[in-house]
$ cat coords23.cif   # mmCIF, C-alpha atoms
data_upload
#
loop_
_atom_site.group_PDB
_atom_site.id
_atom_site.type_symbol
_atom_site.label_atom_id
_atom_site.label_comp_id
_atom_site.auth_asym_id
_atom_site.auth_seq_id
_atom_site.Cartn_x
_atom_site.Cartn_y
_atom_site.Cartn_z
ATOM 1 C CA MET A 231 76.912 89.583 -286.980
ATOM 2 C CA THR A 232 79.175 87.377 -284.896
ATOM 3 C CA TYR A 233 80.255 90.272 -282.698
ATOM 4 C CA ILE A 234 76.682 90.649 -281.431
ATOM 5 C CA THR A 235 77.012 87.336 -279.581
ATOM 6 C CA TYR A 236 80.208 88.363 -277.787
ATOM 7 C CA VAL A 237 78.519 90.691 -275.296
ATOM 8 C CA PRO A 238 76.053 88.125 -273.869
ATOM 9 C CA THR A 239 78.796 85.480 -273.881
ATOM 10 C CA ALA A 240 81.133 87.768 -271.940
ATOM 11 C CA ILE A 241 78.418 88.614 -269.410
ATOM 12 C CA ALA A 242 77.495 84.948 -268.940
ATOM 13 C CA SER A 243 81.166 83.974 -268.604
ATOM 14 C CA LEU A 244 81.746 86.627 -265.939
ATOM 15 C CA MET A 245 78.672 85.482 -264.000
ATOM 16 C CA MET A 246 79.811 81.876 -264.293
ATOM 17 C CA ALA A 247 83.331 82.792 -263.158
ATOM 18 C CA PHE A 248 81.844 84.509 -260.109
ATOM 19 C CA GLY A 249 79.749 81.439 -259.292
ATOM 20 C CA ILE A 250 82.701 79.089 -259.684
ATOM 21 C CA LEU A 251 85.067 81.240 -257.619
ATOM 22 C CA MET A 252 82.485 81.614 -254.831
ATOM 23 C CA GLY A 253 82.047 77.823 -254.701
ATOM 24 C CA ARG A 254 78.404 77.896 -255.781
ATOM 25 C CA SER A 255 78.770 75.349 -258.547
ATOM 26 C CA MET A 256 79.931 71.784 -259.085
ATOM 27 C CA TYR A 257 82.957 73.051 -261.019
ATOM 28 C CA PRO A 258 86.354 73.133 -259.321
ATOM 29 C CA ARG A 259 87.928 76.588 -259.137
ATOM 30 C CA TRP A 260 90.554 75.780 -261.808
ATOM 31 C CA MET A 261 87.771 75.562 -264.418
ATOM 32 C CA VAL A 262 87.721 79.384 -264.508
ATOM 33 C CA ILE A 263 90.847 79.163 -266.682
ATOM 34 C CA PHE A 264 88.900 77.242 -269.320
ATOM 35 C CA LEU A 265 85.825 79.450 -269.566
ATOM 36 C CA PRO A 266 85.129 80.430 -273.194
ATOM 37 C CA LEU A 267 85.935 84.088 -272.482
ATOM 38 C CA VAL A 268 89.398 83.239 -271.147
ATOM 39 C CA ILE A 269 90.124 80.893 -274.035
ATOM 40 C CA TYR A 270 88.935 83.510 -276.502
ATOM 41 C CA LEU A 271 91.267 86.124 -275.011
ATOM 42 C CA LEU A 272 94.152 83.841 -276.002
ATOM 43 C CA LYS A 273 93.208 84.043 -279.698
ATOM 44 C CA ILE A 274 95.853 86.579 -280.710
ATOM 45 C CA PRO A 275 98.850 84.768 -279.136
ATOM 46 C CA VAL A 276 97.665 81.412 -280.471
ATOM 47 C CA THR A 277 97.150 82.636 -284.019
ATOM 48 C CA ARG A 278 100.517 84.438 -284.042
ATOM 49 C CA ILE A 279 102.300 81.161 -283.291
ATOM 50 C CA LEU A 280 100.681 79.342 -286.208
ATOM 51 C CA LYS A 281 101.582 79.699 -289.890
ATOM 52 C CA GLY A 282 99.915 79.176 -293.257
ATOM 53 C CA HIS A 283 96.702 77.224 -293.725
ATOM 54 C CA VAL A 284 96.616 76.048 -290.108
ATOM 55 C CA LYS A 285 96.594 79.687 -288.989
ATOM 56 C CA GLU A 286 93.670 80.462 -291.315
ATOM 57 C CA LEU A 287 91.732 77.416 -290.171
ATOM 58 C CA VAL A 288 92.241 78.140 -286.463
ATOM 59 C CA ASN A 289 91.538 81.857 -286.925
ATOM 60 C CA ASP A 290 88.260 81.178 -288.734
ATOM 61 C CA SER A 291 87.050 78.526 -286.290
ATOM 62 C CA TYR A 292 88.443 79.890 -283.016
ATOM 63 C CA ASP A 293 85.027 80.660 -281.502
ATOM 64 C CA ASN A 294 83.960 77.064 -282.022
ATOM 65 C CA ILE A 295 87.281 75.749 -280.704
ATOM 66 C CA ALA A 296 86.909 77.793 -277.505
ATOM 67 C CA LEU A 297 83.396 76.470 -276.903
ATOM 68 C CA PHE A 298 84.427 72.909 -277.806
ATOM 69 C CA VAL A 299 87.319 72.928 -275.297
ATOM 70 C CA PHE A 300 85.036 74.253 -272.558
ATOM 71 C CA TYR A 301 82.224 71.783 -273.229
ATOM 72 C CA VAL A 302 84.557 68.767 -273.413
ATOM 73 C CA LEU A 303 86.278 69.704 -270.132
ATOM 74 C CA SER A 304 82.936 70.553 -268.559
ATOM 75 C CA THR A 305 81.538 67.157 -269.488
ATOM 76 C CA ILE A 306 84.584 65.346 -268.104
ATOM 77 C CA VAL A 307 84.632 67.308 -264.840
ATOM 78 C CA LEU A 308 80.908 67.082 -264.184
ATOM 79 C CA TRP A 309 80.735 63.417 -265.203
ATOM 80 C CA LYS A 310 83.445 62.593 -262.662
ATOM 81 C CA GLY A 311 81.541 64.565 -260.021
ATOM 82 C CA ILE A 312 78.369 62.552 -260.640
ATOM 83 C CA VAL A 313 80.139 59.190 -260.748
ATOM 84 C CA SER A 314 82.248 59.667 -257.613
#
$ encode --input "coords23.cif" --output "structure tokens"
Amino acid sequence: MTYITYVPTAIASLMMAFGILMGRSMYPRWMVIFLPLVIYLLKIPVTRILKGHVKELVNDSYDNIALFVFYVLSTIVLWKGIVS
């Protein structure tokens, strides 16, 4: 069931990347690196580095980790844009 959500997420990430790269958003261009799709593509190298229970935990929760990293960075970047 989880794989069903990957297609809309990939489409939305590509549209967001296009908007960021064209300068049509409040995000700086370097935020493209931290889009959930890009972070998710790093799953295999990240999980190969880890061992044991940590590997299982990260492997099972990687989708949530990718979204968490993006939302935390997004909040920090956009908060600074509003404040300054």
$ residues_around --input "coords23.cif" --residues "Tyr270 in chain A" --least-positions-apart "4" --cutoff "8 Å" --atoms "all atoms listed in the file" --output "list in words"
Pro266, Tyr292, Asp293 and Ala296 of chain A
$ residues_around --input "coords23.cif" --residues "Ala247 in chain A" --least-positions-apart "4" --cutoff "9 Å" --atoms "all atoms listed in the file" --output "count of residues only"
8
$ residues_around --input "coords23.cif" --residues "Lys285 in chain A" --least-positions-apart "5" --cutoff "12 Å" --atoms "all atoms listed in the file" --output "list of chain:residue names"
A:Lys273, A:Ile274, A:Pro275, A:Val276, A:Thr277, A:Arg278, A:Ile279, A:Leu280, A:Asp290, A:Ser291, A:Tyr292
$ atom_distance --input "coords23.cif" --atom1 "CA of Tyr236 in chain A" --atom2 "CA of Gly249 in chain A"
19.8 Å
$ atom_distance --input "coords23.cif" --atom1 "CA of Val307 in chain A" --atom2 "CA of Met246 in chain A"
15.4 Å
$ resolve_selection --input "coords23.cif" --expression "the PyMOL selection byres ((chain A and resi 256) around 9)" --output "PDB file with C-alpha atoms, keeping the file's coordinate frame"
ATOM      1  CA  ILE A 250      82.701  79.089-259.684  1.00  0.00           C
ATOM      2  CA  GLY A 253      82.047  77.823-254.701  1.00  0.00           C
ATOM      3  CA  ARG A 254      78.404  77.896-255.781  1.00  0.00           C
ATOM      4  CA  SER A 255      78.770  75.349-258.547  1.00  0.00           C
ATOM      5  CA  TYR A 257      82.957  73.051-261.019  1.00  0.00           C
ATOM      6  CA  PRO A 258      86.354  73.133-259.321  1.00  0.00           C
ATOM      7  CA  VAL A 307      84.632  67.308-264.840  1.00  0.00           C
ATOM      8  CA  LEU A 308      80.908  67.082-264.184  1.00  0.00           C
ATOM      9  CA  GLY A 311      81.541  64.565-260.021  1.00  0.00           C
TER      10      GLY A 311
END
$ atom_distance --input "coords23.cif" --atom1 "CA of Pro238 in chain A" --atom2 "CA of Ile269 in chain A"
15.8 Å
$ closest_residue --input "coords23.cif" --among "A:Leu267, A:Leu303, A:Phe248, A:Lys310" --to "Thr235 in chain A" --atoms "only C-alpha atoms"
A:Leu267
